[in-house]
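Visitor: Structure in structure tokens, see below.
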2 protein chains.
Amino acid sequence: MRFVLSVVVLAILTVGARADEGMWTFHDFPSAKVQARYGFSPDQAWLDKARKSSARIAGICSASFVSDSGLVMTNHHCAHECVADLSTKDHDFVKDGFWAAAQTDEKKCPNMEIQRLDDITDVTDKVTAATASKSGPAYTAALREISASIEKSCQTDTAHRCEFVNLYHGGQFMLYRYKRFTDVRVVFAPELAMAFFGGDPDNFEFPRYDLDVSFVRVYEDGKPAATPDHFGWAPAPKDGELTFISGDPAATEREITSAERVFDRDVVAPMIVATRAEWRGILAQWMRESDEQHRIGEPTQFYNENSLKAWKGRQAALGDAAQMKRHDDAEVALKAGIAGKPDLAKAVGGAFDDIAKAHAMFAPFYHRFYLLETMSHRGSDLLADAVHLVRGADERALADGKRLDEYRDSALPDIEQKLASTAPLYPAFEKLEIAFWLGKLREELGADDATVKALLGKDSPEQAAARYVDGSKLLDATERTRLWKGGRSAVAASRDPMLELVRKIDAASRKVRKTYDDDVEGVTRAAHEKIARARFALQGRTSYPDATFTLRLSYGAVSGYTSTATGQRVAPFTYMGGAFDRATGQAPFALPKTWLDARSKIDGRVPFDFVTTNDIIGGNSGSPIFDKNLNIVGLVFDGNIESLAGDFWYDDTANRAVGVSSAALLEALAHVYHADRLVTELQPKK
Amino acid sequence: MRFVLSVVVLAILTVGARADEGMWTFHDFPSAKVQARYGFSPDQAWLDKARKSSARIAGICSASFVSDSGLVMTNHHCAHECVADLSTKDHDFVKDGFWAAAQTDEKKCPNMEIQRLDDITDVTDKVTAATASKSGPAYTAALREISASIEKSCQTDTAHRCEFVNLYHGGQFMLYRYKRFTDVRVVFAPELAMAFFGGDPDNFEFPRYDLDVSFVRVYEDGKPAATPDHFGWAPAPKDGELTFISGDPAATEREITSAERVFDRDVVAPMIVATRAEWRGILAQWMRESDEQHRIGEPTQFYNENSLKAWKGRQAALGDAAQMKRHDDAEVALKAGIAGKPDLAKAVGGAFDDIAKAHAMFAPFYHRFYLLETMSHRGSDLLADAVHLVRGADERALADGKRLDEYRDSALPDIEQKLASTAPLYPAFEKLEIAFWLGKLREELGADDATVKALLGKDSPEQAAARYVDGSKLLDATERTRLWKGGRSAVAASRDPMLELVRKIDAASRKVRKTYDDDVEGVTRAAHEKIARARFALQGRTSYPDATFTLRLSYGAVSGYTSTATGQRVAPFTYMGGAFDRATGQAPFALPKTWLDARSKIDGRVPFDFVTTNDIIGGNSGSPIFDKNLNIVGLVFDGNIESLAGDFWYDDTANRAVGVSSAALLEALAHVYHADRLVTELQPKK
């Protein structure tokens with residue numbers, strides 16, 4: 001009966017993968033599955049072409065090459081920051097849109113990098129040899145050392161980025177080598193009101209009427225880069241048509257253990273939702289105070305609201321008792337499968353318990369970790385820059401393999417580019433962000449906490465924020481670059497108040513970071529590696545790895561669905577005429593003047609937005625949707641509300657990717673924006 | 001072995017009640033337990049005197065009579081709204097404090113009512129006869145009818161309030177008759193900065209240095225009311241001393257089922273925390289815009305932040321796996337006990353499943369229910385008034401026993417007092433609140449929801465809020481009273497925009513309310529009644545009922561504890577000198593000028609705030625802490641952070657009540673405020 005047990009275990013191990021589920025790597029793509037379901041089997045040449053036609057926007061989004069002259073298509077919200085950075089009080093390109101009528105009008109983005117995945121190497125054997133039988137701090141140190149060494153031997157110039165990639169939570173280790181494009185210029189962006197029609201209320205919803213697109217161009221040596229590998233262009237897809245989506249889904253947690261899901265539900269989600277919700281309120285009111293404050297706060301609020309809604313969706317998913325039980329049951333079955341094979345049982349040992357204990361230990365200091373190690377890096381740009389300068393100087397003085405991950409040599413070009421960015425920083429806004437962060441620190445750590453006392457002294461958070469920001473020269477890119485280049489001695493010699501701020505927290509931050517790295521992440525990673533190997537041993541590598549903001553390919557089809565909120569059937573397409581029916585004239589349901597003026601020129605029957613069953617997640621923003629001939633049929637810009645559970649599981653009955661159709665893109669470019677140069681480039685005469 | 005099983009079950013049924021646990025009724029007080037633990041046994045005369053010396057502030061707080069001339073002691077935060085209502089742009093009594101040097105200077109609160117529990121009658125038999133074998137809508141209707149009829153036969157004049165009270169979730173039904181005092185005048189309130197020293201960061205924390213007190217006086221026929229039953233005054237208590245606390249804890253959920261705890265964790269807490277956190281942010285920024293806006297928004301923010309922090313604490317408690325398991329196990333044991341007795345098993349039937357199913361059904365419409373039936377009533381005062389006018393007119397046209405609970409005859413005096421209140425409403429602030437609510441409605445129900453469309457039309461939430469508030473005459477108490485008295489015809493004849501708003505939502509609101517009343521609350525209450533009776537049958541009535549904002553008595557002792565956050569031992573007392581050490585000069589850690597000026601007069605060794613093991617919860621604010629001689633030793637104003645789990649369970653190792661000592665109260669009144677008249681009244685010459 002052993003065989004029967006194994007069969008049962010195998011069936012449950014994958015938690016009953018659903019049709020079209022999966023964010024597959026290009027090096028383990030299940031062409032046979034696609035053939036079986038859709039009658040088309042991507043071959044290696046096809047996969048290579050798709051990969052080289054795909055692109056990643058450093059840190060945030062996906063994109064695609066759509067001409068042989070470096071033209072890149074992505075979402076408006078992926079170039080939003082660039083368009084905002086180029087705006088001034090007098091020229092608000094976010095509000096009014098941007099169009100370079102001639103190629104010479106294309107404007108360089110202060111802080112945007114595009115990357116193309118050129119080479120893939122499997123380094124699993126090297127890594128497992130280096131980390132064998134290690135856990136906790138020893139595992140963390142060994143993994144850090146070997147991964148830095150692997151990256152370093154690959155990293156030969158600044159035109160490329162070598163990235164060590166951990167797949168299947170330690171089941172497979174890869175080295176990805178990217179071509180970097182750092183001269184990125186904006187070509188076209190519509191008005192935000194059109195890109196994000198419906199705003200936050202419609203975000204993650206469908207039906208939608210958004211033209212969430214922008215076009216940028218990569219340059220080399222001051223000229224448009226040659227990009228012979230690029231997607232072609234096709235009409236809008238049909239209902240039921242096979243669709244592919246390439247891109248860089250940022251993170252999923254489908255392979256985590258029950259203890260980690262409970263930790264997400266009870267510890268992580270409550271903190272993030274409460275913090276982001278409060279920040280949303282502060283920022284919304286601050287933005288109402290003047291048009292200029294609205295302009296300044298807008299990109300941050302866009303990101304914040306998007307993240308808040310996504311986290312609320314995750315929180316709701318983790319409250320889904322049936323799905324939680326399904327995954328808990330799968331874990332029980334996996335454990336039984338492991339227990340049934342003495343060699344596996346020995347290798348896995350107490351891995352599941354180790355993870356549970358590490359998270360029980362993490363819970364009491366999660367808030368401290370979040371505030372000191374996450375929010376200080378991802379909140380105020382000025383604060384993040386100051387952290388980079390102080391920590392970066394200290395870390396760079398260490399050997400590459402001994403540094404914190406984010407300061408290893410391979411990661412430095414990104415930091416340098418950010419520090420050198422000429423995107424404006426607004427003191428009033430930085431103060432608002434830093435005061436909020438200081439207030440949260442006092443609230444969560446208590447007024448008597450030593451770090452809080454050091455930061456605030458006798459000041460209120462607002463007074464302290466003003467003290468740190470006013471008089472800081474770090475608002476100036478030249479000074480930031482000078483300090484970065486000057487390293488430890490230059491940083492040590494500076495009495496800049498923002499650097500003083502970081503000095504007050506850095507010891508405490510590093511302490512909590514080290515505890516996390518060693519006792520939480522180190523333990524969890526080592527345990528997951530054991531579990532992943534056991535899973536492979538039981539079932540082979542038949543599944544896809546959790547998302548890691550690296551290139552993936554998903555397949556699916558255009559398909560409507562039944563809304564879980566209303567129980568109503570939702571059709572797969574909207575049409576351009578619908579945007580005019582839905583418009584109220586008031587933000588976020590106000591159509592821009594260009595559209596109102598062009599109403600009679602627009603064919604209302606053209607498919608506008610549509611949904612597919614492709615399995616995607618945040619990070620896939622800007623991904624191309626293409627057909628089996630590698631021609632663009634749409635552009636991903638969102639998932640529906642049901643897709644937010646996709647962090648933890650994929651449900652093919654309702655999880656949908658949301659995109660703009662290729663036909664709507666052309667219709668708008670031609671008849672609303674008269675962007676003829678762009679239309680011609682996208683559809684060159686044969 | 002039956003006996004053994006029963007013993008085991010009995011032990012677990014009460015989830016292992018902890019020492020000093022319990023918010024006991026005066027009619028079932030465990031004097032023997034107090035005798036066994038502390039060597040003092042309250043007799044009936046003592047209990048009666050304590051009850052008649054205690055008071056409730058309608059809707060919000062607890063209080064006590066502390067002289068024979070109607071003097072009432074409560075917290076500053078319980079009279080905060082009154083003090084704010086009496087303030088103007090030129091006289092800010094919240095900021096500067098209030099002191100009536102002569103009795104004729106005492107100022108009437110526009111909207112404050114004090115109630116004393118004079119009579120208690122057990123009506124369980126009447127109720128169970130009327131609801132026997134009913135569930136769902138039939139149970140709701142029968143309970144509504146019988147409870148209204150019981151109240152009506154008691155309610156003979158407006159000087160009293162008769163209240164039907166459901167204890168033990170249907171295990172015991174009582175009729176409470178209160179003496180009402182509606183002429184309440186403020187005598188003394190310190191500066192908010194002193195009452196709430198440490199502000200939100202220190203809220204629910206200890207050590208503390210707050211003088212959270214106010215004194216008001218009840219009047220009858222224009223003269224101070226005679227209150228022969230009142231507490232005396234004693235010095236500060238000693239460490240370990242026996243302490244009693246009487247008062248009206250608002251709500252606990254210690255007797256709920258596992259399904260309800262999970263519902264609280266996964267559905268209720270996420271919604272409330274996210275909503276309150278965002279509102280906190282909006283209001284905080286709005287209050288920063290001007291001193292006047294700060295003054296206007298402050299009482300609402302105080303309440304909101306307090307509620308937010310309490311809900312975060314509840315959410316954290318529900319993430320405590322060990323406690324959750326302990327209570328789940330107790331439920332399993334209770335079910336086993338019931339299953340072991342065929343008559344009980346038959347009587348209880350599927351009660352546990354009924355509750356689980358009702359909540360599974362509730363989850364998808366909880367957000368709608370919260371926004372339409374809770375937030376519209378408890379957010380904007382103007383909106384709440386409009387709802388009372390429209391619904392109240394319709395409901396009063398029905399027979400008493402057919403109405404929604406909040407419009408039965410016994411409840412109308414409270415509503416009438418609120419509508420007639422001359423407390424100012426500020427249009428800009430009402431708009432801010434209503435715009436936030438409208439925005440949330442659109443966000444949660446979707447822009448295409450019929451109710452949302454009816455409310456907004458083509459407007460933004462801000463525009464719609466302005467449309468409803470501007471031009472509304474409901475800002476004026478005279479108009480509100482005219483409409484209330486005029487009933488349906490007067491309301492129907494008015495085109496007031498706020499009434500129009502309510503008309504747009506009322507059908508939808510009533511629909512969701514009816515579904516809740518019938519299919520969630522009706523089912524759950526009927527099921528709980530069965531469970532409660534089975535519990536009594538198995539163990540007798542040896543426990544206390546969940547809190548219901550009715551008078552309770554708890555016992556305990558002054559005692560330090562070990563902080564769960566820091567692991568440090570916390571001493572039971574702070575001392576007055578400590579306030580000066582902790583002061584920074586910046587809100588919320590700024591001492592008022594009166595204190596800075598009086599520093600040399602204040603004896604720094606006087607105990608300031610202290611903690612006891614008494615089991616209390618929100619609603620106990622303002623409760624007296626008294627000794628076995630019925631003399632005041634302190635004044636409850638808070639619980640520590642560990643007490644927030646007290647909604648679900650009591651943990652004697654860390655759950656603490658926080659109070660101001662009687663000695664600190666006198667020291668401040670005498671040496672800071674020179675309130676000699678008050679000092680003499682509190683400590684009359686023998």
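In the structure tokens, each chain is lettered A, B, ... as it comes, each chain's residues begin at 1, and ligands are numbered from 1 in order of appearance.
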Applying 6 Å and only C-alpha atoms, which residues near segment 432-447 of chain A remain after dropping the ones on its own chain fewer than 3 positions away? List them as a PDB file with N, CA and C atoms, in the first residue's frame.

Guide:
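The new file selection_28.pdb reads:
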```pdb
ATOM      1  N   SER A 380      10.808  57.823   3.697  1.00  0.00           N
ATOM      2  CA  SER A 380      11.430  59.047   3.191  1.00  0.00           C
ATOM      3  C   SER A 380      12.643  58.718   2.325  1.00  0.00           C
ATOM      4  N   PHE A 429       7.849  67.748   2.444  1.00  0.00           N
ATOM      5  CA  PHE A 429       7.340  66.381   2.316  1.00  0.00           C
ATOM      6  C   PHE A 429       8.223  65.391   3.071  1.00  0.00           C
ATOM      7  N   VAL A 452      14.463  55.828  20.857  1.00  0.00           N
ATOM      8  CA  VAL A 452      13.457  56.879  20.712  1.00  0.00           C
ATOM      9  C   VAL A 452      13.915  58.149  21.432  1.00  0.00           C
ATOM     10  N   PRO A 461       7.812  64.737  17.467  1.00  0.00           N
ATOM     11  CA  PRO A 461       8.266  64.173  16.190  1.00  0.00           C
ATOM     12  C   PRO A 461       8.374  65.227  15.084  1.00  0.00           C
ATOM     13  N   GLU A 462       7.443  66.177  15.070  1.00  0.00           N
ATOM     14  CA  GLU A 462       7.477  67.224  14.029  1.00  0.00           C
ATOM     15  C   GLU A 462       8.700  68.124  14.211  1.00  0.00           C
ATOM     16  N   ALA A 465      11.825  66.154  13.271  1.00  0.00           N
ATOM     17  CA  ALA A 465      11.951  65.989  11.814  1.00  0.00           C
ATOM     18  C   ALA A 465      12.485  67.270  11.185  1.00  0.00           C
TER      19      ALA A 465
ATOM     20  N   PRO B 201       0.851  58.075  23.036  1.00  0.00           N
ATOM     21  CA  PRO B 201       1.978  57.151  23.251  1.00  0.00           C
ATOM     22  C   PRO B 201       1.905  56.442  24.602  1.00  0.00           C
TER      23      PRO B 201
END
```

Visitor: Taking the chain letters and numbering used in this document, name the residues of segment 229-455 of chain B that DSSP puts in strand (DSSP E), as a list of chain:residue names.

Guide: B:Gly232, B:Trp233, B:Leu242, B:Thr243, B:Phe244, B:Ile245, B:Ser246, B:Gly247

Visitor: Take the residues from that selection and put them in a file with C-alpha atoms, as a short mmCIF file (atom, residue, chain, number, x, y, z; two decimals), in the first residue's frame.

Guide:
```cif
data_model
loop_
_atom_site.label_atom_id
_atom_site.label_comp_id
_atom_site.auth_asym_id
_atom_site.auth_seq_id
_atom_site.Cartn_x
_atom_site.Cartn_y
_atom_site.Cartn_z
CA GLY B 232 -15.95 58.64 51.83
CA TRP B 233 -12.30 59.54 51.34
CA LEU B 242 -7.57 44.97 48.99
CA THR B 243 -9.33 47.25 46.48
CA PHE B 244 -12.85 47.29 45.06
CA ILE B 245 -13.93 48.89 41.82
CA SER B 246 -17.57 49.50 40.93
CA GLY B 247 -18.64 50.69 37.52
#
```

Visitor: Neighbouring residues of Arg37 of chain B were defined as those with any atom within 9 Å, considering only C-alpha atoms; residues of the same chain fewer than 3 positions away were excluded. Please report them as a list in words.

Guide: Ala19, Asp20, Ala32, Lys33, Val34 and Phe40 of chain B

Visitor: Give me, as a list in words, the contact residues of chain B against chain A at a cut-off of 7 Å, counting only C-alpha atoms.

Guide: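 Per the criterion, chain B yields Pro201, Asp266, Val273, Ala274, Ala277, Glu278, Trp279, Arg280, Gly281, Ile282, Ala284, Gln285, Trp286, Gly319, Arg442, Glu443, Gly446, Ala447, Lys458, Asp459, Ser460, Thr584, Gly585, Gln586 and Ala587 of chain B.
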
Visitor: Quick one: residues within 8 Å of Ile146 of chain A, only C-alpha atoms counted, chain neighbours fewer than 3 positions away excluded, as a list of chain:residue names?

Guide: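 Answer for this query is A:Lys126, A:Val127, A:Ala130, A:Ala142, A:Leu143, A:Ser149, A:Ile150, A:Gly401.
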
Visitor: Mind dumping the selected residues with N, CA, C and O atoms as a short mmCIF file (atom, residue, chain, number, x, y, z; two decimals), in the first residue's frame?

Guide:
```cif
data_model
loop_
_atom_site.label_atom_id
_atom_site.label_comp_id
_atom_site.auth_asym_id
_atom_site.auth_seq_id
_atom_site.Cartn_x
_atom_site.Cartn_y
_atom_site.Cartn_z
N LYS A 126 27.30 24.29 -6.29
CA LYS A 126 28.29 25.12 -5.58
C LYS A 126 27.74 25.60 -4.24
O LYS A 126 28.45 25.62 -3.23
N VAL A 127 26.48 26.01 -4.26
CA VAL A 127 25.90 26.59 -3.04
C VAL A 127 25.67 25.52 -1.98
O VAL A 127 26.02 25.71 -0.81
N ALA A 130 28.64 24.57 -0.15
CA ALA A 130 29.13 25.57 0.81
C ALA A 130 28.28 25.66 2.07
O ALA A 130 28.77 26.03 3.14
N ALA A 142 27.54 31.56 5.53
CA ALA A 142 28.02 30.74 4.42
C ALA A 142 27.30 31.10 3.13
O ALA A 142 27.92 31.21 2.06
N LEU A 143 25.99 31.30 3.21
CA LEU A 143 25.21 31.64 2.02
C LEU A 143 25.64 33.00 1.49
O LEU A 143 25.78 33.21 0.28
N SER A 149 30.51 35.55 -3.70
CA SER A 149 31.63 35.09 -4.52
C SER A 149 31.17 34.70 -5.92
O SER A 149 31.82 35.00 -6.91
N ILE A 150 30.02 34.07 -6.00
CA ILE A 150 29.48 33.70 -7.32
C ILE A 150 29.15 34.95 -8.13
O ILE A 150 29.48 35.05 -9.32
N GLY A 401 31.89 39.34 0.71
CA GLY A 401 31.10 38.23 1.24
C GLY A 401 30.68 38.39 2.69
O GLY A 401 29.94 37.56 3.22
#
```

Visitor: Might you pull out every residue within 10 Å of Arg488 of chain B, with only C-alpha atoms counted and same-chain residues fewer than 5 positions away left off, and present them as an mmCIF file with N, CA, C and O atoms, in the first residue's frame?

Guide:
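The result, written out as out-v3.cif:
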```cif
data_model
loop_
_atom_site.group_PDB
_atom_site.id
_atom_site.type_symbol
_atom_site.label_atom_id
_atom_site.label_comp_id
_atom_site.auth_asym_id
_atom_site.auth_seq_id
_atom_site.Cartn_x
_atom_site.Cartn_y
_atom_site.Cartn_z
ATOM 1 N N LEU B 389 -33.607 61.349 13.318
ATOM 2 C CA LEU B 389 -34.842 62.032 12.938
ATOM 3 C C LEU B 389 -35.654 61.212 11.947
ATOM 4 O O LEU B 389 -36.865 61.019 12.121
ATOM 5 N N VAL B 390 -34.990 60.693 10.920
ATOM 6 C CA VAL B 390 -35.722 59.940 9.893
ATOM 7 C C VAL B 390 -36.200 58.601 10.446
ATOM 8 O O VAL B 390 -37.381 58.261 10.368
ATOM 9 N N ARG B 391 -35.295 57.870 11.035
ATOM 10 C CA ARG B 391 -35.678 56.549 11.538
ATOM 11 C C ARG B 391 -36.575 56.640 12.752
ATOM 12 O O ARG B 391 -37.515 55.868 12.908
ATOM 13 N N GLY B 392 -36.227 57.590 13.628
ATOM 14 C CA GLY B 392 -36.996 57.747 14.864
ATOM 15 C C GLY B 392 -38.451 58.052 14.551
ATOM 16 O O GLY B 392 -39.357 57.532 15.208
ATOM 17 N N ALA B 393 -38.676 58.885 13.537
ATOM 18 C CA ALA B 393 -40.060 59.220 13.176
ATOM 19 C C ALA B 393 -40.799 57.965 12.708
ATOM 20 O O ALA B 393 -41.927 57.700 13.125
ATOM 21 N N ASP B 394 -40.145 57.177 11.871
ATOM 22 C CA ASP B 394 -40.782 55.945 11.376
ATOM 23 C C ASP B 394 -40.982 54.930 12.491
ATOM 24 O O ASP B 394 -42.033 54.297 12.591
ATOM 25 N N GLU B 395 -39.974 54.798 13.317
ATOM 26 C CA GLU B 395 -40.051 53.767 14.355
ATOM 27 C C GLU B 395 -41.084 54.118 15.412
ATOM 28 O O GLU B 395 -41.805 53.246 15.899
ATOM 29 N N ARG B 396 -41.170 55.383 15.773
ATOM 30 C CA ARG B 396 -42.126 55.760 16.818
ATOM 31 C C ARG B 396 -43.568 55.577 16.360
ATOM 32 O O ARG B 396 -44.481 55.520 17.172
ATOM 33 N N ALA B 397 -43.751 55.466 15.035
ATOM 34 C CA ALA B 397 -45.107 55.206 14.535
ATOM 35 C C ALA B 397 -45.513 53.743 14.755
ATOM 36 O O ALA B 397 -46.677 53.383 14.579
ATOM 37 N N LEU B 483 -38.281 69.003 14.506
ATOM 38 C CA LEU B 483 -38.541 67.859 13.621
ATOM 39 C C LEU B 483 -38.846 66.597 14.442
ATOM 40 O O LEU B 483 -39.704 65.804 14.078
ATOM 41 N N ALA B 493 -42.057 66.547 5.479
ATOM 42 C CA ALA B 493 -42.238 67.849 4.826
ATOM 43 C C ALA B 493 -40.909 68.574 4.624
ATOM 44 O O ALA B 493 -40.835 69.540 3.862
#
```

Visitor: Mind giving me the straight-line distance from atom CA of Ala63 of chain A to atom CA of Ser621 of chain A in Å, one decimal?

Guide: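 About the pair atom CA of Ala63 of chain A and atom CA of Ser621 of chain A: they are 7.8 Å apart.
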
Visitor: Extract, using only C-alpha atoms, all DNA, RNA and protein residues at most 12 Å from Ala537 of chain B, discarding same-chain residues fewer than 5 positions from it, and format them as a list of chain:residue names.

Guide: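 Residues near the query, excluding close chain neighbours: B:Ser6, B:Leu10, B:Leu13, B:Gly171, B:Leu334, B:Gly337, B:Ile338, B:Lys341, B:Asp343, B:Leu344, B:Ala345, B:Ala347, B:Val348, B:Lys530, B:Ile531, B:Ala532, B:Thr542.
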
Visitor: Please compute the atom CA of Thr182 of chain B-atom CA of Ala79 of chain B distance, one decimal, in Å.

Guide: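 Value for the atom CA of Thr182 of chain B-atom CA of Ala79 of chain B distance: 13.9 Å.
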
Visitor: Please determine, counting only C-alpha atoms, which residue among B:Leu211, B:Arg495, B:Phe26, B:Lys238 has the shortest atom-to-atom distance to Val636 of chain B.

Guide: B:Leu211

Visitor: Considering only C-alpha atoms, return as a ChimeraX atom specification whatever protein or nucleic-acid residues lie within 7 Å of His169 of chain A, sequence-local ones (same chain, fewer than 3 positions apart) excluded.

Guide: /A:166,525,528-529,532

Visitor: In Å, with one decimal, what is the gap from atom CA of Pro190 of chain B to atom CA of His671 of chain B?

Guide: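 Atom CA of His671 of chain B lies 12.9 Å from atom CA of Pro190 of chain B.
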
Visitor: From a DSSP calculation on the backbone, collect every residue of segment 48-147 of chain B in alpha helix (DSSP H) and output the set as a ChimeraX atom specification.

Guide: /B:48-52,76-86,93-96,124-131,136-147
